[in-house]
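Colleague: Sharing data_18.cif, mmCIF, C-alpha atoms:
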```
data_entry
#
loop_
_atom_site.group_PDB
_atom_site.id
_atom_site.type_symbol
_atom_site.label_atom_id
_atom_site.label_comp_id
_atom_site.auth_asym_id
_atom_site.auth_seq_id
_atom_site.Cartn_x
_atom_site.Cartn_y
_atom_site.Cartn_z
ATOM 1 C CA MET T 1 -1.233 22.799 5.549
ATOM 2 C CA ALA T 2 2.383 22.566 6.646
ATOM 3 C CA SER T 3 5.238 23.713 4.462
ATOM 4 C CA PHE T 4 6.115 21.517 1.504
ATOM 5 C CA HIS T 5 9.489 19.770 1.488
ATOM 6 C CA ARG T 6 9.927 18.300 -2.006
ATOM 7 C CA VAL T 7 8.105 16.461 -4.727
ATOM 8 C CA PRO T 8 9.428 12.881 -5.102
ATOM 9 C CA GLU T 9 11.612 12.719 -8.179
ATOM 10 C CA GLY T 10 11.516 10.173 -10.937
ATOM 11 C CA ILE T 11 8.101 8.727 -10.174
ATOM 12 C CA LEU T 12 6.011 10.251 -12.925
ATOM 13 C CA GLN T 13 5.521 9.912 -16.635
ATOM 14 C CA THR T 14 3.756 12.486 -18.776
ATOM 15 C CA PRO T 15 1.048 13.628 -18.904
ATOM 16 C CA ILE T 16 0.901 13.453 -15.110
ATOM 17 C CA SER T 17 2.700 15.959 -12.899
ATOM 18 C CA LEU T 18 2.795 16.940 -9.233
ATOM 19 C CA ARG T 19 2.967 20.371 -7.685
ATOM 20 C CA GLU T 20 2.883 21.698 -4.157
ATOM 21 C CA ALA T 21 -0.568 22.263 -2.691
ATOM 22 C CA THR T 22 -1.191 25.821 -1.474
ATOM 23 C CA ALA T 23 -3.990 27.709 0.243
ATOM 24 C CA GLU T 24 -5.360 28.538 -3.204
ATOM 25 C CA ASP T 25 -6.082 24.835 -3.721
ATOM 26 C CA ILE T 26 -8.569 24.592 -0.848
ATOM 27 C CA PRO T 27 -11.592 25.048 -3.157
ATOM 28 C CA PHE T 28 -10.331 22.250 -5.406
ATOM 29 C CA LEU T 29 -9.604 19.964 -2.440
ATOM 30 C CA ASN T 30 -13.127 20.651 -1.199
ATOM 31 C CA GLN T 31 -14.482 19.738 -4.643
ATOM 32 C CA LEU T 32 -12.338 16.576 -4.690
ATOM 33 C CA TYR T 33 -13.611 15.498 -1.281
ATOM 34 C CA ARG T 34 -17.213 16.037 -2.356
ATOM 35 C CA ASP T 35 -16.591 14.018 -5.506
ATOM 36 C CA THR T 36 -15.219 11.069 -3.537
ATOM 37 C CA ARG T 37 -18.278 11.063 -1.222
ATOM 38 C CA ARG T 38 -20.954 11.866 -3.830
ATOM 39 C CA GLN T 39 -22.306 8.376 -4.468
ATOM 40 C CA GLU T 40 -22.257 7.514 -0.771
ATOM 41 C CA LEU T 41 -24.346 10.557 0.188
ATOM 42 C CA GLU T 42 -26.765 10.133 -2.689
ATOM 43 C CA ALA T 43 -27.566 6.662 -1.365
ATOM 44 C CA TRP T 44 -28.471 8.167 2.015
ATOM 45 C CA GLY T 45 -31.272 10.216 0.455
ATOM 46 C CA TRP T 46 -30.502 13.403 2.382
ATOM 47 C CA PRO T 47 -31.824 16.801 1.200
ATOM 48 C CA SER T 48 -29.207 18.837 -0.694
ATOM 49 C CA GLU T 49 -28.918 21.387 2.142
ATOM 50 C CA GLN T 50 -28.099 18.659 4.651
ATOM 51 C CA GLN T 51 -25.561 17.122 2.266
ATOM 52 C CA GLU T 52 -23.832 20.486 1.820
ATOM 53 C CA TRP T 53 -23.606 21.055 5.574
ATOM 54 C CA PHE T 54 -22.277 17.550 6.201
ATOM 55 C CA LEU T 55 -19.654 17.681 3.434
ATOM 56 C CA ARG T 56 -18.385 21.091 4.509
ATOM 57 C CA MET T 57 -18.093 19.983 8.136
ATOM 58 C CA GLN T 58 -16.348 16.718 7.212
ATOM 59 C CA PHE T 59 -13.908 18.366 4.830
ATOM 60 C CA GLU T 60 -12.865 21.004 7.344
ATOM 61 C CA ALA T 61 -12.481 18.374 10.077
ATOM 62 C CA ARG T 62 -10.311 16.195 7.843
ATOM 63 C CA GLN T 63 -8.084 19.091 6.807
ATOM 64 C CA HIS T 64 -7.555 19.989 10.457
ATOM 65 C CA SER T 65 -6.835 16.356 11.312
ATOM 66 C CA TYR T 66 -4.195 16.091 8.570
ATOM 67 C CA GLU T 67 -2.500 19.315 9.641
ATOM 68 C CA THR T 68 -2.416 18.245 13.285
ATOM 69 C CA ALA T 69 -1.389 14.608 12.860
ATOM 70 C CA PHE T 70 1.031 15.077 9.926
ATOM 71 C CA PRO T 71 2.476 18.599 10.169
ATOM 72 C CA ASP T 72 5.465 17.803 7.915
ATOM 73 C CA ALA T 73 3.622 15.798 5.255
ATOM 74 C CA GLU T 74 4.184 16.547 1.574
ATOM 75 C CA ASP T 75 0.882 17.721 0.133
ATOM 76 C CA CYS T 76 0.799 17.483 -3.668
ATOM 77 C CA ILE T 77 -1.803 18.301 -6.274
ATOM 78 C CA ILE T 78 -1.954 15.709 -9.058
ATOM 79 C CA CYS T 79 -2.232 17.440 -12.422
ATOM 80 C CA ALA T 80 -3.250 16.019 -15.793
ATOM 81 C CA ASP T 81 -4.954 17.273 -18.935
ATOM 82 C CA GLY T 82 -4.040 20.838 -18.083
ATOM 83 C CA GLY T 83 -5.491 21.038 -14.595
ATOM 84 C CA PRO T 84 -5.756 19.554 -11.075
ATOM 85 C CA VAL T 85 -7.275 16.081 -10.927
ATOM 86 C CA GLY T 86 -6.305 14.742 -7.507
ATOM 87 C CA ARG T 87 -4.261 14.820 -4.331
ATOM 88 C CA LEU T 88 -1.250 12.873 -3.061
ATOM 89 C CA LEU T 89 -0.368 13.306 0.622
ATOM 90 C CA VAL T 90 2.760 11.501 1.874
ATOM 91 C CA ASP T 91 4.432 11.600 5.283
ATOM 92 C CA ARG T 92 8.153 10.862 5.264
ATOM 93 C CA LYS T 93 9.817 9.357 8.306
ATOM 94 C CA PRO T 94 13.302 7.877 8.784
ATOM 95 C CA ALA T 95 11.701 4.425 8.984
ATOM 96 C CA GLY T 96 9.691 4.726 5.753
ATOM 97 C CA LEU T 97 6.809 6.381 3.915
ATOM 98 C CA ASN T 98 3.198 6.730 4.991
ATOM 99 C CA LEU T 99 0.693 7.232 2.172
ATOM 100 C CA ILE T 100 -1.891 9.314 4.003
ATOM 101 C CA ASP T 101 -4.209 10.158 1.122
ATOM 102 C CA ILE T 102 -4.450 9.554 -2.593
ATOM 103 C CA ALA T 103 -7.629 10.680 -4.343
ATOM 104 C CA LEU T 104 -8.689 11.407 -7.910
ATOM 105 C CA LEU T 105 -11.701 13.036 -9.484
ATOM 106 C CA SER T 106 -14.154 10.474 -10.827
ATOM 107 C CA THR T 107 -13.355 11.645 -14.369
ATOM 108 C CA HIS T 108 -9.752 10.482 -13.944
ATOM 109 C CA ARG T 109 -10.169 7.197 -12.106
ATOM 110 C CA ASN T 110 -9.530 3.807 -13.718
ATOM 111 C CA ARG T 111 -6.886 5.334 -15.984
ATOM 112 C CA GLY T 112 -3.847 3.960 -14.154
ATOM 113 C CA ILE T 113 -2.906 7.286 -12.547
ATOM 114 C CA GLY T 114 -3.157 6.059 -8.965
ATOM 115 C CA SER T 115 -1.245 2.868 -9.752
ATOM 116 C CA GLN T 116 1.487 4.852 -11.481
ATOM 117 C CA LEU T 117 1.936 7.137 -8.478
ATOM 118 C CA ILE T 118 2.013 4.248 -6.008
ATOM 119 C CA HIS T 119 4.501 2.390 -8.230
ATOM 120 C CA GLY T 120 6.736 5.456 -7.993
ATOM 121 C CA LEU T 121 6.586 5.495 -4.221
ATOM 122 C CA GLN T 122 7.364 1.770 -4.196
ATOM 123 C CA LYS T 123 10.422 2.387 -6.359
ATOM 124 C CA GLU T 124 11.654 4.997 -3.908
ATOM 125 C CA CYS T 125 11.047 2.677 -0.960
ATOM 126 C CA ALA T 126 12.774 -0.205 -2.739
ATOM 127 C CA LYS T 127 15.836 1.979 -3.324
ATOM 128 C CA GLU T 128 16.006 2.977 0.354
ATOM 129 C CA GLY T 129 14.862 -0.335 1.848
ATOM 130 C CA TRP T 130 11.783 1.301 3.390
ATOM 131 C CA PRO T 131 8.245 0.041 3.956
ATOM 132 C CA LEU T 132 5.301 1.911 2.404
ATOM 133 C CA CYS T 133 2.311 2.036 4.764
ATOM 134 C CA LEU T 134 -1.274 3.231 4.380
ATOM 135 C CA GLN T 135 -4.702 3.102 5.977
ATOM 136 C CA VAL T 136 -7.900 2.445 4.035
ATOM 137 C CA LEU T 137 -11.572 2.211 4.971
ATOM 138 C CA GLU T 138 -12.646 -1.414 5.188
ATOM 139 C CA GLY T 139 -14.785 -2.269 2.170
ATOM 140 C CA ASN T 140 -13.248 0.454 0.002
ATOM 141 C CA PRO T 141 -12.739 -0.875 -3.556
ATOM 142 C CA ALA T 142 -9.182 0.494 -3.362
ATOM 143 C CA VAL T 143 -8.271 -2.450 -1.113
ATOM 144 C CA ARG T 144 -8.255 -4.690 -4.197
ATOM 145 C CA LEU T 145 -5.862 -2.306 -5.954
ATOM 146 C CA TYR T 146 -3.505 -2.220 -2.977
ATOM 147 C CA ARG T 147 -3.436 -6.008 -2.800
ATOM 148 C CA ARG T 148 -2.632 -6.204 -6.518
ATOM 149 C CA LEU T 149 0.248 -3.813 -5.884
ATOM 150 C CA GLY T 150 1.694 -6.119 -3.229
ATOM 151 C CA PHE T 151 0.309 -4.573 -0.019
ATOM 152 C CA SER T 152 -0.611 -6.848 2.876
ATOM 153 C CA GLN T 153 -2.918 -6.181 5.788
ATOM 154 C CA ILE T 154 -0.952 -5.739 9.005
ATOM 155 C CA ALA T 155 -3.691 -4.552 11.399
ATOM 156 C CA ALA T 156 -7.318 -3.473 11.535
ATOM 157 C CA ASP T 157 -9.851 -1.735 13.737
ATOM 158 C CA GLU T 158 -13.611 -1.347 13.521
ATOM 159 C CA MET T 159 -13.405 0.953 10.473
ATOM 160 C CA TYR T 160 -9.967 0.834 8.860
ATOM 161 C CA LEU T 161 -7.395 -1.594 7.545
ATOM 162 C CA GLN T 162 -3.699 -0.856 7.984
ATOM 163 C CA MET T 163 -1.668 -2.152 5.049
ATOM 164 C CA ALA T 164 2.024 -2.200 4.185
ATOM 165 C CA TRP T 165 4.297 -2.967 1.248
ATOM 166 C CA THR T 166 7.934 -3.903 1.787
ATOM 167 C CA PRO T 167 10.749 -4.338 -0.736
ATOM 168 C CA THR T 168 11.722 -7.920 -1.565
ATOM 169 C CA GLY T 169 14.616 -8.982 0.626
ATOM 170 C CA ARG T 170 17.985 -9.910 -0.821
ATOM 171 C CA ILE T 171 18.656 -13.611 -1.052
ATOM 172 C CA GLU T 172 21.434 -15.324 0.869
ATOM 173 C CA GLY T 173 22.578 -18.855 0.297
ATOM 174 C CA PHE T 174 21.152 -19.215 -3.234
ATOM 175 C CA SER T 175 23.123 -19.868 -6.412
ATOM 176 C CA MET T 176 20.250 -18.253 -8.400
ATOM 177 C CA ALA T 177 19.243 -14.747 -9.399
ATOM 178 C CA GLU T 178 19.228 -12.020 -6.764
ATOM 179 C CA LEU T 179 15.435 -12.144 -6.366
ATOM 180 C CA LEU T 180 13.248 -15.205 -5.970
ATOM 181 C CA THR T 181 10.292 -15.859 -8.237
ATOM 182 C CA ALA T 182 6.996 -17.642 -7.747
ATOM 183 C CA ASP T 183 8.362 -20.586 -9.745
ATOM 184 C CA ASP T 184 11.137 -21.043 -7.193
ATOM 185 C CA PHE T 185 8.600 -21.735 -4.447
ATOM 186 C CA THR T 186 5.848 -23.596 -6.316
ATOM 187 C CA PRO T 187 7.580 -27.034 -6.265
ATOM 188 C CA TYR T 188 7.749 -26.831 -2.476
ATOM 189 C CA ILE T 189 4.054 -26.325 -1.704
ATOM 190 C CA ASP T 190 3.039 -28.574 1.222
ATOM 191 C CA THR T 191 6.626 -28.835 2.450
ATOM 192 C CA ARG T 192 8.155 -27.488 5.645
ATOM 193 C CA PHE T 193 10.364 -24.456 6.224
ATOM 194 C CA GLN T 194 12.295 -24.112 9.473
ATOM 195 C CA VAL T 195 12.342 -20.675 11.096
ATOM 196 C CA ASP T 196 15.953 -19.906 11.983
ATOM 197 C CA ALA T 197 15.019 -17.972 15.129
ATOM 198 C CA ASP T 198 13.636 -21.179 16.643
ATOM 199 C CA SER T 199 14.898 -24.568 15.518
ATOM 200 C CA ASN T 200 11.627 -26.139 16.672
ATOM 201 C CA PHE T 201 9.365 -23.715 14.797
ATOM 202 C CA GLU T 202 8.248 -24.789 11.323
ATOM 203 C CA LEU T 203 5.943 -23.330 8.686
ATOM 204 C CA VAL T 204 4.252 -25.230 5.869
ATOM 205 C CA LEU T 205 3.988 -23.470 2.498
ATOM 206 C CA THR T 206 0.313 -23.855 1.530
ATOM 207 C CA SER T 207 0.031 -21.837 -1.688
ATOM 208 C CA VAL T 208 1.819 -19.545 -4.152
ATOM 209 C CA THR T 209 -0.300 -16.887 -5.901
ATOM 210 C CA ASP T 210 1.162 -15.018 -8.869
ATOM 211 C CA TYR T 211 -0.217 -11.524 -9.667
ATOM 212 C CA SER T 212 2.474 -10.501 -12.173
ATOM 213 C CA ASN T 213 1.787 -8.301 -15.182
ATOM 214 C CA ALA T 214 3.843 -6.672 -17.935
ATOM 215 C CA GLN T 215 5.256 -4.033 -15.564
ATOM 216 C CA LEU T 216 5.431 -5.824 -12.224
ATOM 217 C CA GLU T 217 6.552 -9.192 -10.993
ATOM 218 C CA GLN T 218 4.499 -9.775 -7.871
ATOM 219 C CA PHE T 219 3.371 -12.837 -5.984
ATOM 220 C CA SER T 220 2.470 -13.926 -2.480
ATOM 221 C CA LEU T 221 3.246 -16.963 -0.375
ATOM 222 C CA ALA T 222 0.855 -18.436 2.187
ATOM 223 C CA PHE T 223 2.174 -20.388 5.154
ATOM 224 C CA VAL T 224 0.578 -22.070 8.152
ATOM 225 C CA GLY T 225 2.187 -22.876 11.481
ATOM 226 C CA GLN T 226 1.255 -23.820 14.999
ATOM 227 C CA ALA T 227 -1.530 -21.794 16.590
ATOM 228 C CA SER T 228 0.482 -20.875 19.695
ATOM 229 C CA PRO T 229 2.984 -19.479 20.179
ATOM 230 C CA TRP T 230 2.996 -17.637 16.857
ATOM 231 C CA LEU T 231 5.390 -15.315 15.058
ATOM 232 C CA PRO T 232 4.800 -11.542 15.214
ATOM 233 C CA GLN T 233 5.134 -9.550 12.001
ATOM 234 C CA GLY T 234 8.750 -9.207 10.967
ATOM 235 C CA GLN T 235 11.708 -10.399 8.912
ATOM 236 C CA TYR T 236 12.696 -14.050 9.355
ATOM 237 C CA LYS T 237 15.286 -16.377 7.901
ATOM 238 C CA LEU T 238 13.612 -19.551 6.645
ATOM 239 C CA LYS T 239 15.502 -22.757 5.888
ATOM 240 C CA HIS T 240 14.408 -25.491 3.508
ATOM 241 C CA VAL T 241 16.201 -28.809 3.020
ATOM 242 C CA GLN T 242 16.217 -28.352 -0.778
ATOM 243 C CA MET T 243 15.911 -24.594 -1.371
ATOM 244 C CA GLY T 244 18.398 -23.514 1.254
ATOM 245 C CA GLU T 245 17.909 -20.208 3.114
ATOM 246 C CA CYS T 246 15.908 -17.107 2.326
ATOM 247 C CA ASP T 247 14.830 -14.001 4.232
ATOM 248 C CA LEU T 248 11.074 -13.317 4.189
ATOM 249 C CA PHE T 249 8.930 -10.587 5.715
ATOM 250 C CA LEU T 250 6.045 -12.495 7.308
ATOM 251 C CA VAL T 251 2.670 -10.987 8.225
ATOM 252 C CA PRO T 252 0.296 -13.042 10.424
ATOM 253 C CA ASN T 253 -3.211 -13.192 8.899
ATOM 254 C CA GLY T 254 -5.010 -14.900 11.761
ATOM 255 C CA PRO T 255 -5.667 -18.421 13.034
ATOM 256 C CA ASP T 256 -8.152 -21.132 12.169
ATOM 257 C CA ALA T 257 -8.525 -24.792 13.081
ATOM 258 C CA GLY T 258 -5.359 -25.573 11.116
ATOM 259 C CA GLY T 259 -3.116 -23.083 12.939
ATOM 260 C CA MET T 260 -1.817 -19.535 12.450
ATOM 261 C CA HIS T 261 -1.648 -18.335 8.844
ATOM 262 C CA TYR T 262 1.051 -16.034 7.440
ATOM 263 C CA GLU T 263 1.651 -14.170 4.188
ATOM 264 C CA ALA T 264 4.838 -13.004 2.478
ATOM 265 C CA ALA T 265 4.397 -10.621 -0.484
ATOM 266 C CA PHE T 266 6.904 -9.964 -3.273
ATOM 267 C CA SER T 267 6.733 -7.051 -5.713
ATOM 268 C CA ARG T 268 9.412 -5.692 -8.033
ATOM 269 C CA PHE T 269 9.489 -3.764 -11.273
ATOM 270 C CA LEU T 270 10.444 -5.574 -14.457
ATOM 271 C CA GLU T 271 13.085 -3.981 -16.614
ATOM 272 C CA THR T 272 11.873 -2.590 -19.897
ATOM 273 C CA PRO T 273 13.937 -1.984 -23.046
ATOM 274 C CA GLY T 274 16.086 1.103 -22.591
ATOM 275 C CA GLU T 275 15.832 1.030 -18.795
ATOM 276 C CA SER T 276 19.106 0.938 -16.949
#
```
Mind converting the file's structure to structure tokens?

Modeller:
Amino acid sequence: MASFHRVPEGILQTPISLREATAEDIPFLNQLYRDTRRQELEAWGWPSEQQEWFLRMQFEARQHSYETAFPDAEDCIICADGGPVGRLLVDRKPAGLNLIDIALLSTHRNRGIGSQLIHGLQKECAKEGWPLCLQVLEGNPAVRLYRRLGFSQIAADEMYLQMAWTPTGRIEGFSMAELLTADDFTPYIDTRFQVDADSNFELVLTSVTDYSNAQLEQFSLAFVGQASPWLPQGQYKLKHVQMGECDLFLVPNGPDAGGMHYEAAFSRFLETPGES
């Protein structure tokens, strides 16, 4: 794997830590890959020899693919309970972060480790104004986690979903707090927002869904507009006769008989006592 640049700072809480992956970690990464595919292969009913051959071939192919496609990626071993428990592979570009791989041993899943690491990357992106992008196999249970963390689908192919999280935009033209909340939008469901880029283009707010918890304030807005022409993914200034103006990152989710549907996702960390 390519040389390691740096471990992201300030994203971890004990007892989790990150360290650079080295050639000595290949056996563990092989074990981790086998662990993530174990249930899938058991369902196929293959003989153990065939499973071993397949897993070895797939692991080596994936390692080569990562090294070729992401030569400067930061490859980290996730450590907890005194040993390696997972992998975090992140590619850093001037335009943002790409979460290439995050995987944990089955013994350490559903303990909040993955969420904690992704929250840390989101904090870094929020500070820099970057998007955080990833790709996930369609049907993977992790898709539900990513949606809870504020990711939205931006594209798809026959096998994979491309998802992205973007920091909440700053508000202009509001005499309220710096960031909008779900409650600010809820009274305006079924009302129209004018898109500043085109005075004749309007979107109707159809729903507000709040996913907030004790650590995160996160919610999504659903809009519908005309079927054609439609807005490509991007940042837009929306105007409302009562709310005023706000900048939203809109992602088209596809059309139906009612028109083209869009989503805007918000996610920010809530301050806790003692946090500056």

Colleague: Starting from the PyMOL selection byres ((chain T and resi 193) around 7), expand the selection into actual residues of this file and give them as number ranges by chain.

Modeller: T: 191-192, 194-195, 202-204, 238-240

Colleague: Please dump the current selection as a compact mmCIF listing (two decimals), keeping the file's coordinate frame; keep C-alpha atoms.

Modeller:
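The resulting file, out.txt, is reproduced below:
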```
# COMPACT_ATOMS: atom_id res chain seq x y z
CA THR T 191 6.63 -28.84 2.45
CA ARG T 192 8.15 -27.49 5.64
CA GLN T 194 12.30 -24.11 9.47
CA VAL T 195 12.34 -20.68 11.10
CA GLU T 202 8.25 -24.79 11.32
CA LEU T 203 5.94 -23.33 8.69
CA VAL T 204 4.25 -25.23 5.87
CA LEU T 238 13.61 -19.55 6.64
CA LYS T 239 15.50 -22.76 5.89
CA HIS T 240 14.41 -25.49 3.51
```

Colleague: For this file, the PyMOL selection byres ((chain T and resi 34-46) around 8) selects which residues, as a list in words?

Modeller: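 In the shown coordinates, the PyMOL selection byres ((chain T and resi 34-46) around 8) covers Asn30, Gln31, Leu32, Tyr33, Pro47, Ser48, Gln50, Gln51, Leu55, Ala103, Leu104, Leu105 and Ser106 of chain T.
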
Colleague: Between atom CA of T:Glu20 and atom CA of T:Pro84, what distance in Å does the model show, to one decimal?

Modeller: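 For atom CA of T:Glu20 relative to atom CA of T:Pro84, the distance reads 11.3 Å.
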
Colleague: So the first atom is atom CA of T:Phe223 and the second is atom CA of T:Leu205; what is the distance between them in Å, to one decimal place?

Modeller: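 Going from atom CA of T:Phe223 over to atom CA of T:Leu205, I get 4.5 Å.
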
Colleague: Convert the output of the PyMOL selection byres ((chain T and resi 251) around 10) on the shown file into explicit residues, formatted as a tab-separated table (two decimals) with C-alpha atoms, in the frame of the given file.

Modeller:
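Now in part.tsv:
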```
chain	number	residue	atom	x	y	z
T	152	SER	CA	-0.61	-6.85	2.88
T	153	GLN	CA	-2.92	-6.18	5.79
T	154	ILE	CA	-0.95	-5.74	9.01
T	155	ALA	CA	-3.69	-4.55	11.40
T	164	ALA	CA	2.02	-2.20	4.18
T	222	ALA	CA	0.86	-18.44	2.19
T	223	PHE	CA	2.17	-20.39	5.15
T	231	LEU	CA	5.39	-15.32	15.06
T	232	PRO	CA	4.80	-11.54	15.21
T	233	GLN	CA	5.13	-9.55	12.00
T	234	GLY	CA	8.75	-9.21	10.97
T	235	GLN	CA	11.71	-10.40	8.91
T	248	LEU	CA	11.07	-13.32	4.19
T	249	PHE	CA	8.93	-10.59	5.72
T	250	LEU	CA	6.04	-12.50	7.31
T	252	PRO	CA	0.30	-13.04	10.42
T	253	ASN	CA	-3.21	-13.19	8.90
T	254	GLY	CA	-5.01	-14.90	11.76
T	261	HIS	CA	-1.65	-18.34	8.84
T	262	TYR	CA	1.05	-16.03	7.44
T	263	GLU	CA	1.65	-14.17	4.19
T	264	ALA	CA	4.84	-13.00	2.48
T	265	ALA	CA	4.40	-10.62	-0.48
```

Colleague: At a cut-off of 6 Å around the point (3.4, 19.3, -0.6) (file coordinates), what residues fall inside when counting only C-alpha atoms? I'd like the answer as a list in words.

Modeller: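 Residues satisfying the cut-off, written out: Phe4, Glu20, Ala21, Glu74, Asp75 and Cys76 of chain T.
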
Colleague: Grab the atom CA of T:Ile100 to atom CA of T:Tyr236 distance for me, in Å with one decimal place.

Modeller: 28.1 Å

Colleague: Smallest atom-to-atom distance to T:Arg109: which of T:Met260, T:Ala95, T:Leu121, T:Ala80, using all atoms listed in the file?

Modeller: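 Smallest separation from T:Arg109 among the options: T:Ala80.
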
Colleague: Determine the nearest neighbour of T:Thr206 from the options T:Gly259, T:Trp130, T:Ser115, T:Met159, counting only C-alpha atoms.

Modeller: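 The closest residue to T:Thr206 is T:Gly259.
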
Colleague: Return the padded bounding box of stretch 48-66 of chain T as JSON: axis-aligned, built from all atoms listed in the file, 4 Å added on each side, with centre and edge lengths in Å to one decimal.

Modeller:
```
{"center_x": -16.7, "center_y": 18.7, "center_z": 5.3, "size_x": 33.0, "size_y": 13.3, "size_z": 20.0}
```

Colleague: Would you kindly return, as a list in words, each protein, DNA or RNA residue with an atom no farther than 9 Å from any atom of T:Ser220, considering all atoms listed in the file and excluding same-chain residues fewer than 6 positions away?

Modeller: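 So, after excluding close chain neighbours, the residues are Gly150, Ala182, Ser207, Val208, Thr209, Asp210, Tyr211, Glu263, Ala264, Ala265, Phe266 and Ser267 of chain T.
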
Colleague: Any chance you can output those residues with C-alpha atoms as a PDB file, in the coordinates of the input?

Modeller:
```pdb
ATOM      1  CA  GLY T 150       1.694  -6.119  -3.229  1.00  0.00           C
ATOM      2  CA  ALA T 182       6.996 -17.642  -7.747  1.00  0.00           C
ATOM      3  CA  SER T 207       0.031 -21.837  -1.688  1.00  0.00           C
ATOM      4  CA  VAL T 208       1.819 -19.545  -4.152  1.00  0.00           C
ATOM      5  CA  THR T 209      -0.300 -16.887  -5.901  1.00  0.00           C
ATOM      6  CA  ASP T 210       1.162 -15.018  -8.869  1.00  0.00           C
ATOM      7  CA  TYR T 211      -0.217 -11.524  -9.667  1.00  0.00           C
ATOM      8  CA  GLU T 263       1.651 -14.170   4.188  1.00  0.00           C
ATOM      9  CA  ALA T 264       4.838 -13.004   2.478  1.00  0.00           C
ATOM     10  CA  ALA T 265       4.397 -10.621  -0.484  1.00  0.00           C
ATOM     11  CA  PHE T 266       6.904  -9.964  -3.273  1.00  0.00           C
ATOM     12  CA  SER T 267       6.733  -7.051  -5.713  1.00  0.00           C
TER      13      SER T 267
END
```

Colleague: Could you please give me, as a list of chain:residue names, the residues of protein, DNA or RNA lying at most 12 Å from (-1.6, 19.9, -13.8) in the coordinate frame of the file, considering all atoms listed in the file?

Modeller: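 The answer, in the requested form, is T:Thr14, T:Pro15, T:Ile16, T:Ser17, T:Leu18, T:Arg19, T:Glu20, T:Ala21, T:Cys76, T:Ile77, T:Ile78, T:Cys79, T:Ala80, T:Asp81, T:Gly82, T:Gly83, T:Pro84, T:Val85, T:Gly86, T:Arg87.
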
Colleague: Using all atoms listed in the file, which of T:Val90, T:Cys246, T:Leu161, T:Leu149 sits nearest T:Phe219?

Modeller: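 Of all the options, T:Leu149 lies closest to T:Phe219.
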
Colleague: Point out the residue among T:Leu134, T:Ala214, T:Leu29, T:Leu180 with the least atom-to-atom distance to T:Arg62, counting all atoms listed in the file.

Modeller: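 The closest residue to T:Arg62 is T:Leu29.
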
Colleague: Which of these, T:Gln162, T:Met243, T:Arg148, T:Gly258, has the shortest distance to T:Ser212 once you count only C-alpha atoms?

Modeller: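 Answer, going by the shortest atom-to-atom distance: T:Arg148.
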
Colleague: I want to know what sits within 10 Å of T:Ala156, based on only C-alpha atoms, with residues of the same chain fewer than 5 positions away left out; could you give that as an MDAnalysis selection string?

Modeller: chainID T and resid 135:138 161:163
